[in-house]
$ cat query.cif   # mmCIF, C-alpha atoms; chains and numbers go by the auth columns
data_coords
loop_
_atom_site.group_PDB
_atom_site.id
_atom_site.type_symbol
_atom_site.label_atom_id
_atom_site.label_comp_id
_atom_site.label_asym_id
_atom_site.label_seq_id
_atom_site.Cartn_x
_atom_site.Cartn_y
_atom_site.Cartn_z
_atom_site.B_iso_or_equiv
_atom_site.auth_seq_id
_atom_site.auth_asym_id
ATOM 1 C CA MET A 1 0.000 0.000 0.000 0.00 29 Z
ATOM 2 C CA SER A 2 1.391 3.406 -0.968 0.00 30 Z
ATOM 3 C CA LYS A 3 1.946 6.208 1.544 0.00 31 Z
ATOM 4 C CA GLU A 4 -0.724 8.273 -0.217 0.00 32 Z
ATOM 5 C CA GLU A 5 -3.238 5.478 0.189 0.00 33 Z
ATOM 6 C CA ILE A 6 -2.369 5.116 3.876 0.00 34 Z
ATOM 7 C CA ILE A 7 -2.874 8.850 4.407 0.00 35 Z
ATOM 8 C CA GLU A 8 -6.204 8.824 2.582 0.00 36 Z
ATOM 9 C CA ARG A 9 -7.516 5.881 4.573 0.00 37 Z
ATOM 10 C CA VAL A 10 -6.290 7.214 7.931 0.00 38 Z
ATOM 11 C CA VAL A 11 -7.898 10.620 7.365 0.00 39 Z
ATOM 12 C CA ALA A 12 -11.217 9.065 6.329 0.00 40 Z
ATOM 13 C CA LEU A 13 -11.157 6.577 9.202 0.00 41 Z
ATOM 14 C CA LEU A 14 -10.196 8.937 12.012 0.00 42 Z
ATOM 15 C CA SER A 15 -12.378 11.836 10.945 0.00 43 Z
ATOM 16 C CA GLU A 16 -15.384 9.504 11.088 0.00 44 Z
ATOM 17 C CA GLU A 17 -14.381 7.558 14.196 0.00 45 Z
ATOM 18 C CA PHE A 18 -13.445 10.621 16.261 0.00 46 Z
ATOM 19 C CA GLU A 19 -15.909 13.034 14.641 0.00 47 Z
ATOM 20 C CA VAL A 20 -13.398 15.686 13.549 0.00 48 Z
ATOM 21 C CA GLU A 21 -13.165 17.560 10.267 0.00 49 Z
ATOM 22 C CA ALA A 22 -10.825 15.857 7.806 0.00 50 Z
ATOM 23 C CA ASP A 23 -8.867 19.068 7.205 0.00 51 Z
ATOM 24 C CA VAL A 24 -7.622 19.222 10.814 0.00 52 Z
ATOM 25 C CA ILE A 25 -5.763 15.939 10.265 0.00 53 Z
ATOM 26 C CA THR A 26 -2.535 17.377 8.874 0.00 54 Z
ATOM 27 C CA PRO A 27 0.844 15.607 8.935 0.00 55 Z
ATOM 28 C CA GLU A 28 2.334 17.914 11.555 0.00 56 Z
ATOM 29 C CA ALA A 29 -0.734 17.999 13.824 0.00 57 Z
ATOM 30 C CA ASN A 30 -0.521 16.337 17.241 0.00 58 Z
ATOM 31 C CA ILE A 31 -2.724 13.236 17.299 0.00 59 Z
ATOM 32 C CA LYS A 32 -3.811 13.389 20.920 0.00 60 Z
ATOM 33 C CA LYS A 33 -4.734 17.060 20.788 0.00 61 Z
ATOM 34 C CA THR A 34 -6.476 16.823 17.412 0.00 62 Z
ATOM 35 C CA LEU A 35 -8.530 13.755 18.313 0.00 63 Z
ATOM 36 C CA GLU A 36 -8.893 14.808 21.971 0.00 64 Z
ATOM 37 C CA LEU A 37 -7.507 11.495 23.157 0.00 65 Z
ATOM 38 C CA ASP A 38 -7.111 10.696 26.826 0.00 66 Z
ATOM 39 C CA SER A 39 -5.838 7.591 28.588 0.00 67 Z
ATOM 40 C CA LEU A 40 -9.197 5.876 28.055 0.00 68 Z
ATOM 41 C CA SER A 41 -9.660 6.717 24.376 0.00 69 Z
ATOM 42 C CA LEU A 42 -6.145 5.833 23.187 0.00 70 Z
ATOM 43 C CA VAL A 43 -7.419 2.250 22.904 0.00 71 Z
ATOM 44 C CA ASP A 44 -10.015 3.452 20.367 0.00 72 Z
ATOM 45 C CA LEU A 45 -7.188 4.684 18.137 0.00 73 Z
ATOM 46 C CA VAL A 46 -5.397 1.331 18.479 0.00 74 Z
ATOM 47 C CA ALA A 47 -8.611 -0.546 17.611 0.00 75 Z
ATOM 48 C CA ALA A 48 -9.359 1.703 14.628 0.00 76 Z
ATOM 49 C CA ILE A 49 -5.859 1.420 13.126 0.00 77 Z
ATOM 50 C CA ASP A 50 -5.606 -2.324 13.793 0.00 78 Z
ATOM 51 C CA GLY A 51 -9.020 -2.940 12.249 0.00 79 Z
ATOM 52 C CA GLU A 52 -8.456 -0.795 9.172 0.00 80 Z
ATOM 53 C CA PHE A 53 -4.956 -1.980 8.325 0.00 81 Z
ATOM 54 C CA GLY A 54 -4.979 -5.509 9.726 0.00 82 Z
ATOM 55 C CA ILE A 55 -1.960 -4.866 11.910 0.00 83 Z
ATOM 56 C CA LYS A 56 -1.375 -5.558 15.589 0.00 84 Z
ATOM 57 C CA THR A 57 -0.151 -2.660 17.657 0.00 85 Z
ATOM 58 C CA ASN A 58 0.013 -2.085 21.373 0.00 86 Z
ATOM 59 C CA GLY A 59 -0.665 0.954 23.481 0.00 87 Z
ATOM 60 C CA GLN A 60 2.984 1.593 24.309 0.00 88 Z
ATOM 61 C CA GLU A 61 3.951 1.772 20.643 0.00 89 Z
ATOM 62 C CA MET A 62 0.990 3.969 19.816 0.00 90 Z
ATOM 63 C CA ASN A 63 1.597 6.180 22.833 0.00 91 Z
ATOM 64 C CA GLN A 64 4.972 7.147 21.363 0.00 92 Z
ATOM 65 C CA VAL A 65 3.485 8.251 18.051 0.00 93 Z
ATOM 66 C CA GLN A 66 2.992 12.001 18.362 0.00 94 Z
ATOM 67 C CA THR A 67 1.984 13.386 14.961 0.00 95 Z
ATOM 68 C CA PHE A 68 -0.052 12.087 12.029 0.00 96 Z
ATOM 69 C CA ALA A 69 3.123 12.013 9.906 0.00 97 Z
ATOM 70 C CA GLU A 70 4.640 9.662 12.495 0.00 98 Z
ATOM 71 C CA LEU A 71 1.455 7.593 12.408 0.00 99 Z
ATOM 72 C CA TYR A 72 1.669 7.199 8.619 0.00 100 Z
ATOM 73 C CA ASP A 73 5.312 6.080 8.952 0.00 101 Z
ATOM 74 C CA PHE A 74 4.366 3.721 11.781 0.00 102 Z
ATOM 75 C CA ILE A 75 1.650 2.039 9.693 0.00 103 Z
ATOM 76 C CA GLU A 76 3.928 1.815 6.655 0.00 104 Z
ATOM 77 C CA LYS A 77 6.638 0.077 8.725 0.00 105 Z
ATOM 78 C CA LYS A 78 4.134 -2.291 10.331 0.00 106 Z
ATOM 79 C CA GLN A 79 2.896 -3.333 6.914 0.00 107 Z
ATOM 80 C CA ALA A 80 6.352 -3.849 5.455 0.00 108 Z
ATOM 81 C CA MET B 1 -16.035 -23.794 34.670 0.00 15 W
ATOM 82 C CA ILE B 2 -16.459 -21.570 37.718 0.00 16 W
ATOM 83 C CA GLN B 3 -19.753 -21.453 39.631 0.00 17 W
ATOM 84 C CA GLY B 4 -21.280 -20.550 42.972 0.00 18 W
ATOM 85 C CA GLU B 5 -19.103 -18.998 45.659 0.00 19 W
ATOM 86 C CA ALA B 6 -15.998 -19.201 43.451 0.00 20 W
ATOM 87 C CA ILE B 7 -17.476 -16.502 41.208 0.00 21 W
ATOM 88 C CA LYS B 8 -16.889 -14.071 44.083 0.00 22 W
ATOM 89 C CA GLU B 9 -13.148 -14.473 43.619 0.00 23 W
ATOM 90 C CA LEU B 10 -13.490 -12.984 40.126 0.00 24 W
ATOM 91 C CA ILE B 11 -15.814 -10.029 40.625 0.00 25 W
ATOM 92 C CA PRO B 12 -16.402 -7.569 43.475 0.00 26 W
ATOM 93 C CA GLN B 13 -20.198 -7.605 43.262 0.00 27 W
ATOM 94 C CA ARG B 14 -22.216 -9.517 45.826 0.00 28 W
ATOM 95 C CA GLU B 15 -25.865 -10.540 46.148 0.00 29 W
ATOM 96 C CA PRO B 16 -28.293 -9.172 45.186 0.00 30 W
ATOM 97 C CA VAL B 17 -26.403 -7.644 42.248 0.00 31 W
ATOM 98 C CA MET B 18 -24.301 -10.625 41.193 0.00 32 W
ATOM 99 C CA MET B 19 -25.268 -10.954 37.557 0.00 33 W
ATOM 100 C CA ILE B 20 -23.309 -14.017 36.482 0.00 34 W
ATOM 101 C CA ASP B 21 -23.825 -17.496 37.907 0.00 35 W
ATOM 102 C CA THR B 22 -21.297 -19.334 35.743 0.00 36 W
ATOM 103 C CA PHE B 23 -17.996 -18.443 34.133 0.00 37 W
ATOM 104 C CA TYR B 24 -17.275 -20.982 31.430 0.00 38 W
ATOM 105 C CA GLY B 25 -13.633 -20.178 30.771 0.00 39 W
ATOM 106 C CA ALA B 26 -11.219 -17.850 29.069 0.00 40 W
ATOM 107 C CA THR B 27 -8.423 -17.734 26.556 0.00 41 W
ATOM 108 C CA ALA B 28 -6.036 -14.791 26.223 0.00 42 W
ATOM 109 C CA THR B 29 -8.595 -12.915 24.158 0.00 43 W
ATOM 110 C CA GLU B 30 -12.050 -14.371 24.941 0.00 44 W
ATOM 111 C CA GLY B 31 -14.230 -15.193 27.909 0.00 45 W
ATOM 112 C CA LYS B 32 -17.768 -16.446 28.421 0.00 46 W
ATOM 113 C CA SER B 33 -20.267 -16.361 31.262 0.00 47 W
ATOM 114 C CA GLY B 34 -23.917 -17.193 31.850 0.00 48 W
ATOM 115 C CA LEU B 35 -26.895 -16.246 33.988 0.00 49 W
ATOM 116 C CA THR B 36 -30.316 -17.791 34.383 0.00 50 W
ATOM 117 C CA VAL B 37 -32.860 -15.052 35.022 0.00 51 W
ATOM 118 C CA THR B 38 -34.854 -15.599 38.210 0.00 52 W
ATOM 119 C CA SER B 39 -37.924 -13.753 39.458 0.00 53 W
ATOM 120 C CA SER B 40 -35.947 -12.564 42.492 0.00 54 W
ATOM 121 C CA ASN B 41 -33.398 -10.760 40.306 0.00 55 W
ATOM 122 C CA VAL B 42 -33.326 -7.088 41.355 0.00 56 W
ATOM 123 C CA PHE B 43 -33.274 -5.986 37.719 0.00 57 W
ATOM 124 C CA CYS B 44 -36.454 -7.914 36.848 0.00 58 W
ATOM 125 C CA GLU B 45 -39.729 -6.162 36.183 0.00 59 W
ATOM 126 C CA ASN B 46 -42.967 -7.768 35.000 0.00 60 W
ATOM 127 C CA GLY B 47 -41.217 -11.078 34.419 0.00 61 W
ATOM 128 C CA LYS B 48 -38.418 -9.671 32.275 0.00 62 W
ATOM 129 C CA LEU B 49 -34.848 -8.622 32.944 0.00 63 W
ATOM 130 C CA ARG B 50 -34.536 -4.895 32.263 0.00 64 W
ATOM 131 C CA GLU B 51 -31.853 -3.303 30.092 0.00 65 W
ATOM 132 C CA MET B 52 -29.739 -2.309 33.113 0.00 66 W
ATOM 133 C CA GLY B 53 -29.590 -5.940 34.162 0.00 67 W
ATOM 134 C CA ILE B 54 -28.298 -7.026 30.755 0.00 68 W
ATOM 135 C CA ILE B 55 -25.652 -4.289 30.791 0.00 69 W
ATOM 136 C CA GLU B 56 -24.622 -5.202 34.334 0.00 70 W
ATOM 137 C CA HIS B 57 -24.354 -8.856 33.258 0.00 71 W
ATOM 138 C CA ILE B 58 -22.073 -7.841 30.364 0.00 72 W
ATOM 139 C CA ALA B 59 -19.971 -5.608 32.619 0.00 73 W
ATOM 140 C CA GLN B 60 -19.534 -8.391 35.172 0.00 74 W
ATOM 141 C CA THR B 61 -18.602 -10.827 32.401 0.00 75 W
ATOM 142 C CA SER B 62 -15.799 -8.509 31.284 0.00 76 W
ATOM 143 C CA ALA B 63 -14.656 -8.065 34.899 0.00 77 W
ATOM 144 C CA ALA B 64 -14.669 -11.834 35.494 0.00 78 W
ATOM 145 C CA PHE B 65 -12.747 -12.369 32.261 0.00 79 W
ATOM 146 C CA ASN B 66 -10.066 -9.949 33.420 0.00 80 W
ATOM 147 C CA GLY B 67 -10.000 -11.662 36.807 0.00 81 W
ATOM 148 C CA VAL B 68 -9.373 -15.063 35.202 0.00 82 W
ATOM 149 C CA LYS B 69 -6.779 -13.613 32.843 0.00 83 W
ATOM 150 C CA ASN B 70 -4.888 -12.106 35.773 0.00 84 W
ATOM 151 C CA LYS B 71 -4.924 -15.411 37.617 0.00 85 W
ATOM 152 C CA GLN B 72 -3.663 -17.191 34.509 0.00 86 W
ATOM 153 C CA ALA B 73 -0.867 -14.640 34.122 0.00 87 W
ATOM 154 C CA ASN B 74 0.126 -14.102 37.755 0.00 88 W
ATOM 155 C CA GLY B 75 -0.894 -17.294 39.551 0.00 89 W
ATOM 156 C CA GLU B 76 -4.010 -18.530 41.322 0.00 90 W
ATOM 157 C CA ASP B 77 -3.147 -16.748 44.573 0.00 91 W
ATOM 158 C CA SER B 78 -2.555 -13.361 42.985 0.00 92 W
ATOM 159 C CA ALA B 79 -4.625 -10.521 44.391 0.00 93 W
ATOM 160 C CA PRO B 80 -7.339 -9.323 42.006 0.00 94 W
ATOM 161 C CA LYS B 81 -6.682 -5.970 40.352 0.00 95 W
ATOM 162 C CA LEU B 82 -9.241 -3.246 40.686 0.00 96 W
ATOM 163 C CA GLY B 83 -10.994 -2.522 37.407 0.00 97 W
ATOM 164 C CA TYR B 84 -13.464 0.095 36.293 0.00 98 W
ATOM 165 C CA ILE B 85 -15.854 0.217 33.375 0.00 99 W
ATOM 166 C CA GLY B 86 -14.546 3.157 31.375 0.00 100 W
ATOM 167 C CA GLU B 87 -17.224 3.227 28.712 0.00 101 W
ATOM 168 C CA ILE B 88 -20.034 1.232 27.167 0.00 102 W
ATOM 169 C CA LYS B 89 -21.047 2.167 23.638 0.00 103 W
ATOM 170 C CA LYS B 90 -22.679 0.881 20.471 0.00 104 W
ATOM 171 C CA CYS B 91 -25.105 -0.983 22.742 0.00 105 W
ATOM 172 C CA GLN B 92 -27.997 -2.721 21.019 0.00 106 W
ATOM 173 C CA ILE B 93 -30.595 -4.721 22.912 0.00 107 W
ATOM 174 C CA THR B 94 -33.153 -6.429 20.726 0.00 108 W
ATOM 175 C CA ARG B 95 -35.226 -8.113 23.404 0.00 109 W
ATOM 176 C CA LEU B 96 -35.407 -8.601 27.152 0.00 110 W
ATOM 177 C CA PRO B 97 -34.841 -12.064 28.663 0.00 111 W
ATOM 178 C CA LYS B 98 -37.814 -13.594 30.441 0.00 112 W
ATOM 179 C CA VAL B 99 -37.687 -15.204 33.871 0.00 113 W
ATOM 180 C CA GLY B 100 -36.381 -18.742 33.432 0.00 114 W
ATOM 181 C CA GLU B 101 -34.355 -17.985 30.319 0.00 115 W
ATOM 182 C CA ARG B 102 -30.609 -18.404 30.322 0.00 116 W
ATOM 183 C CA MET B 103 -28.405 -15.810 28.718 0.00 117 W
ATOM 184 C CA GLU B 104 -24.760 -16.319 27.864 0.00 118 W
ATOM 185 C CA THR B 105 -22.318 -13.565 27.084 0.00 119 W
ATOM 186 C CA GLN B 106 -19.049 -13.783 25.231 0.00 120 W
ATOM 187 C CA VAL B 107 -16.477 -10.991 25.415 0.00 121 W
ATOM 188 C CA VAL B 108 -13.682 -10.721 22.858 0.00 122 W
ATOM 189 C CA VAL B 109 -10.707 -8.388 23.232 0.00 123 W
ATOM 190 C CA THR B 110 -10.370 -6.147 20.190 0.00 124 W
ATOM 191 C CA ALA B 111 -7.597 -3.836 21.404 0.00 125 W
ATOM 192 C CA GLU B 112 -5.448 -3.073 24.409 0.00 126 W
ATOM 193 C CA ALA B 113 -3.627 0.139 25.174 0.00 127 W
ATOM 194 C CA LEU B 114 -1.625 0.638 28.344 0.00 128 W
ATOM 195 C CA ASN B 115 -4.037 -0.527 31.080 0.00 129 W
ATOM 196 C CA VAL B 116 -7.248 -0.173 29.074 0.00 130 W
ATOM 197 C CA THR B 117 -8.918 -3.112 27.326 0.00 131 W
ATOM 198 C CA LEU B 118 -11.546 -2.730 24.631 0.00 132 W
ATOM 199 C CA MET B 119 -13.928 -5.667 24.209 0.00 133 W
ATOM 200 C CA GLU B 120 -16.854 -6.617 22.006 0.00 134 W
ATOM 201 C CA ALA B 121 -19.637 -8.325 23.935 0.00 135 W
ATOM 202 C CA THR B 122 -22.382 -10.528 22.515 0.00 136 W
ATOM 203 C CA THR B 123 -25.240 -11.854 24.612 0.00 137 W
ATOM 204 C CA ASN B 124 -27.242 -14.833 23.403 0.00 138 W
ATOM 205 C CA ILE B 125 -30.254 -16.798 24.534 0.00 139 W
ATOM 206 C CA GLY B 126 -29.659 -20.091 22.798 0.00 140 W
ATOM 207 C CA ALA B 127 -28.780 -19.199 19.227 0.00 141 W
ATOM 208 C CA GLU B 128 -30.526 -15.826 19.363 0.00 142 W
ATOM 209 C CA THR B 129 -28.392 -12.738 19.883 0.00 143 W
ATOM 210 C CA ILE B 130 -30.284 -10.357 22.148 0.00 144 W
ATOM 211 C CA ALA B 131 -27.586 -7.769 22.910 0.00 145 W
ATOM 212 C CA THR B 132 -24.265 -6.492 21.622 0.00 146 W
ATOM 213 C CA CYS B 133 -22.024 -3.694 22.812 0.00 147 W
ATOM 214 C CA GLN B 134 -18.496 -2.424 23.063 0.00 148 W
ATOM 215 C CA ILE B 135 -17.099 -2.196 26.583 0.00 149 W
ATOM 216 C CA LYS B 136 -13.945 -0.525 27.809 0.00 150 W
ATOM 217 C CA LEU B 137 -12.312 -1.742 31.008 0.00 151 W
ATOM 218 C CA PHE B 138 -9.724 0.312 32.881 0.00 152 W
ATOM 219 C CA GLU B 139 -7.511 -1.598 35.286 0.00 153 W
ATOM 220 C CA GLU B 140 -5.470 -0.110 38.102 0.00 154 W
ATOM 221 C CA GLU B 141 -1.767 -0.992 38.216 0.00 155 W
#
$ encode --input "query.cif" --output "structure tokens"
Amino acid sequence: MSKEEIIERVVALLSEEFEVEADVITPEANIKKTLELDSLSLVDLVAAIDGEFGIKTNGQEMNQVQTFAELYDFIEKKQA
Amino acid sequence: MIQGEAIKELIPQREPVMMIDTFYGATATEGKSGLTVTSSNVFCENGKLREMGIIEHIAQTSAAFNGVKNKQANGEDSAPKLGYIGEIKKCQITRLPKVGERMETQVVVTAEALNVTLMEATTNIGAETIATCQIKLFEEE
């Protein structure tokens, strides 16, 4: 899957799942602030990404991902 | 299979709000419990178990599952960890169980992050699914 395709799918997925406008999901934006994640809702991000991309992540890995650009890289590496 | 007094080692609830009478077993990612609805159940009204009772049954199933998982991971004598229901969403209840009916609930872990576990719960009476929901359990360290 290309990086462009990953970005497209992540933006569509997270804007729907977390009810935010797609245009606030920019590469440099902070994930937790943009999606208003707290310690309870981080698991929703893990579930959404795992379900969409068929990968297995854990909270510690995901907790270290700060921006959407880092998230795209993270998914790309997991799929490699 | 865990029944009777042994259930109390898995969940903190006590009569009259114990809402599972059997825990059938667990793997690393799944657990299953059951409850036969009796007329003395505090959540019963006009011969049917109300929605709150079904949700409490699902919540206790997820708590019992975590209790068993902890024992499997840390030994039978390990002290139970305190857990809290963080959220219940996407809950659909299609019918209320009648007195005498037996409902069984399966919880399946869909994601874990730090000390939060997200599970999908399905409650059946026989082959009929009567309730589904997503439940989030927060566990203290």
$ resolve_selection --input "query.cif" --expression "the PyMOL selection byres ((chain W) within 8 of (chain Z))" --output "list in words"
Gly100, Thr124, Ala125, Glu126, Ala127, Leu128, Val130, Thr131, Leu132, Lys150 and Phe152 of chain W
$ resolve_selection --input "query.cif" --expression "the PyMOL selection byres ((chain W and resi 34) around 10)" --output "PyMOL selection string"
chain W and resi 17-18+21-22+25+27+31-33+35-37+47-51+70-75+78+117-119
$ residues_around --input "query.cif" --residues "Tyr38 of chain W" --least-positions-apart "6" --cutoff "7 Å" --atoms "only C-alpha atoms" --output "JSON, numbers by chain"
{"W": [15, 16, 46, 47]}
$ resolve_selection --input "query.cif" --expression "the PyMOL selection byres ((chain W and resi 53-65) around 8)" --output "number ranges by chain"
W: 30-31, 51-52, 66-69, 107, 110-114
$ atom_distance --input "query.cif" --atom1 "atom CA of Glu56 of chain Z" --atom2 "atom CA of Thr95 of chain Z"
5.7 Å
$ residues_around --input "query.cif" --residues "segment 31-47 of chain Z" --least-positions-apart "3" --cutoff "10 Å" --atoms "only C-alpha atoms" --output "ChimeraX atom specification"
/Z:50-55,62-65,69,72-73,76-77,80-81,96-97,99-101,103-104
$ atom_distance --input "query.cif" --atom1 "atom CA of Glu23 of chain W" --atom2 "atom CA of Ile149 of chain W"
21.4 Å
$ atom_distance --input "query.cif" --atom1 "atom CA of Gly97 of chain W" --atom2 "atom CA of Val93 of chain Z"
26.5 Å
$ closest_residue --input "query.cif" --among "W:Arg116, W:Val82, W:Glu154, W:Ala40" --to "Gly140 of chain W" --atoms "only C-alpha atoms"
W:Arg116
$ closest_residue --input "query.cif" --among "W:Arg109, W:Asn88, W:Val122, W:Asn80" --to "Ile139 of chain W" --atoms "all atoms listed in the file"
W:Arg109
$ decode --input "query.cif" --residues "segment 45-107 of chain Z" --atoms "C-alpha atoms" --output "PDB file, in the first residue's frame"
ATOM      1  CA  GLU Z  45     -14.381   7.558  14.196  1.00  0.00           C
ATOM      2  CA  PHE Z  46     -13.445  10.621  16.261  1.00  0.00           C
ATOM      3  CA  GLU Z  47     -15.909  13.034  14.641  1.00  0.00           C
ATOM      4  CA  VAL Z  48     -13.398  15.686  13.549  1.00  0.00           C
ATOM      5  CA  GLU Z  49     -13.165  17.560  10.267  1.00  0.00           C
ATOM      6  CA  ALA Z  50     -10.825  15.857   7.806  1.00  0.00           C
ATOM      7  CA  ASP Z  51      -8.867  19.068   7.205  1.00  0.00           C
ATOM      8  CA  VAL Z  52      -7.622  19.222  10.814  1.00  0.00           C
ATOM      9  CA  ILE Z  53      -5.763  15.939  10.265  1.00  0.00           C
ATOM     10  CA  THR Z  54      -2.535  17.377   8.874  1.00  0.00           C
ATOM     11  CA  PRO Z  55       0.844  15.607   8.935  1.00  0.00           C
ATOM     12  CA  GLU Z  56       2.334  17.914  11.555  1.00  0.00           C
ATOM     13  CA  ALA Z  57      -0.734  17.999  13.824  1.00  0.00           C
ATOM     14  CA  ASN Z  58      -0.521  16.337  17.241  1.00  0.00           C
ATOM     15  CA  ILE Z  59      -2.724  13.236  17.299  1.00  0.00           C
ATOM     16  CA  LYS Z  60      -3.811  13.389  20.920  1.00  0.00           C
ATOM     17  CA  LYS Z  61      -4.734  17.060  20.788  1.00  0.00           C
ATOM     18  CA  THR Z  62      -6.476  16.823  17.412  1.00  0.00           C
ATOM     19  CA  LEU Z  63      -8.530  13.755  18.313  1.00  0.00           C
ATOM     20  CA  GLU Z  64      -8.893  14.808  21.971  1.00  0.00           C
ATOM     21  CA  LEU Z  65      -7.507  11.495  23.157  1.00  0.00           C
ATOM     22  CA  ASP Z  66      -7.111  10.696  26.826  1.00  0.00           C
ATOM     23  CA  SER Z  67      -5.838   7.591  28.588  1.00  0.00           C
ATOM     24  CA  LEU Z  68      -9.197   5.876  28.055  1.00  0.00           C
ATOM     25  CA  SER Z  69      -9.660   6.717  24.376  1.00  0.00           C
ATOM     26  CA  LEU Z  70      -6.145   5.833  23.187  1.00  0.00           C
ATOM     27  CA  VAL Z  71      -7.419   2.250  22.904  1.00  0.00           C
ATOM     28  CA  ASP Z  72     -10.015   3.452  20.367  1.00  0.00           C
ATOM     29  CA  LEU Z  73      -7.188   4.684  18.137  1.00  0.00           C
ATOM     30  CA  VAL Z  74      -5.397   1.331  18.479  1.00  0.00           C
ATOM     31  CA  ALA Z  75      -8.611  -0.546  17.611  1.00  0.00           C
ATOM     32  CA  ALA Z  76      -9.359   1.703  14.628  1.00  0.00           C
ATOM     33  CA  ILE Z  77      -5.859   1.420  13.126  1.00  0.00           C
ATOM     34  CA  ASP Z  78      -5.606  -2.324  13.793  1.00  0.00           C
ATOM     35  CA  GLY Z  79      -9.020  -2.940  12.249  1.00  0.00           C
ATOM     36  CA  GLU Z  80      -8.456  -0.795   9.172  1.00  0.00           C
ATOM     37  CA  PHE Z  81      -4.956  -1.980   8.325  1.00  0.00           C
ATOM     38  CA  GLY Z  82      -4.979  -5.509   9.726  1.00  0.00           C
ATOM     39  CA  ILE Z  83      -1.960  -4.866  11.910  1.00  0.00           C
ATOM     40  CA  LYS Z  84      -1.375  -5.558  15.589  1.00  0.00           C
ATOM     41  CA  THR Z  85      -0.151  -2.660  17.657  1.00  0.00           C
ATOM     42  CA  ASN Z  86       0.013  -2.085  21.373  1.00  0.00           C
ATOM     43  CA  GLY Z  87      -0.665   0.954  23.481  1.00  0.00           C
ATOM     44  CA  GLN Z  88       2.984   1.593  24.309  1.00  0.00           C
ATOM     45  CA  GLU Z  89       3.951   1.772  20.643  1.00  0.00           C
ATOM     46  CA  MET Z  90       0.990   3.969  19.816  1.00  0.00           C
ATOM     47  CA  ASN Z  91       1.597   6.180  22.833  1.00  0.00           C
ATOM     48  CA  GLN Z  92       4.972   7.147  21.363  1.00  0.00           C
ATOM     49  CA  VAL Z  93       3.485   8.251  18.051  1.00  0.00           C
ATOM     50  CA  GLN Z  94       2.992  12.001  18.362  1.00  0.00           C
ATOM     51  CA  THR Z  95       1.984  13.386  14.961  1.00  0.00           C
ATOM     52  CA  PHE Z  96      -0.052  12.087  12.029  1.00  0.00           C
ATOM     53  CA  ALA Z  97       3.123  12.013   9.906  1.00  0.00           C
ATOM     54  CA  GLU Z  98       4.640   9.662  12.495  1.00  0.00           C
ATOM     55  CA  LEU Z  99       1.455   7.593  12.408  1.00  0.00           C
ATOM     56  CA  TYR Z 100       1.669   7.199   8.619  1.00  0.00           C
ATOM     57  CA  ASP Z 101       5.312   6.080   8.952  1.00  0.00           C
ATOM     58  CA  PHE Z 102       4.366   3.721  11.781  1.00  0.00           C
ATOM     59  CA  ILE Z 103       1.650   2.039   9.693  1.00  0.00           C
ATOM     60  CA  GLU Z 104       3.928   1.815   6.655  1.00  0.00           C
ATOM     61  CA  LYS Z 105       6.638   0.077   8.725  1.00  0.00           C
ATOM     62  CA  LYS Z 106       4.134  -2.291  10.331  1.00  0.00           C
ATOM     63  CA  GLN Z 107       2.896  -3.333   6.914  1.00  0.00           C
TER      64      GLN Z 107
END
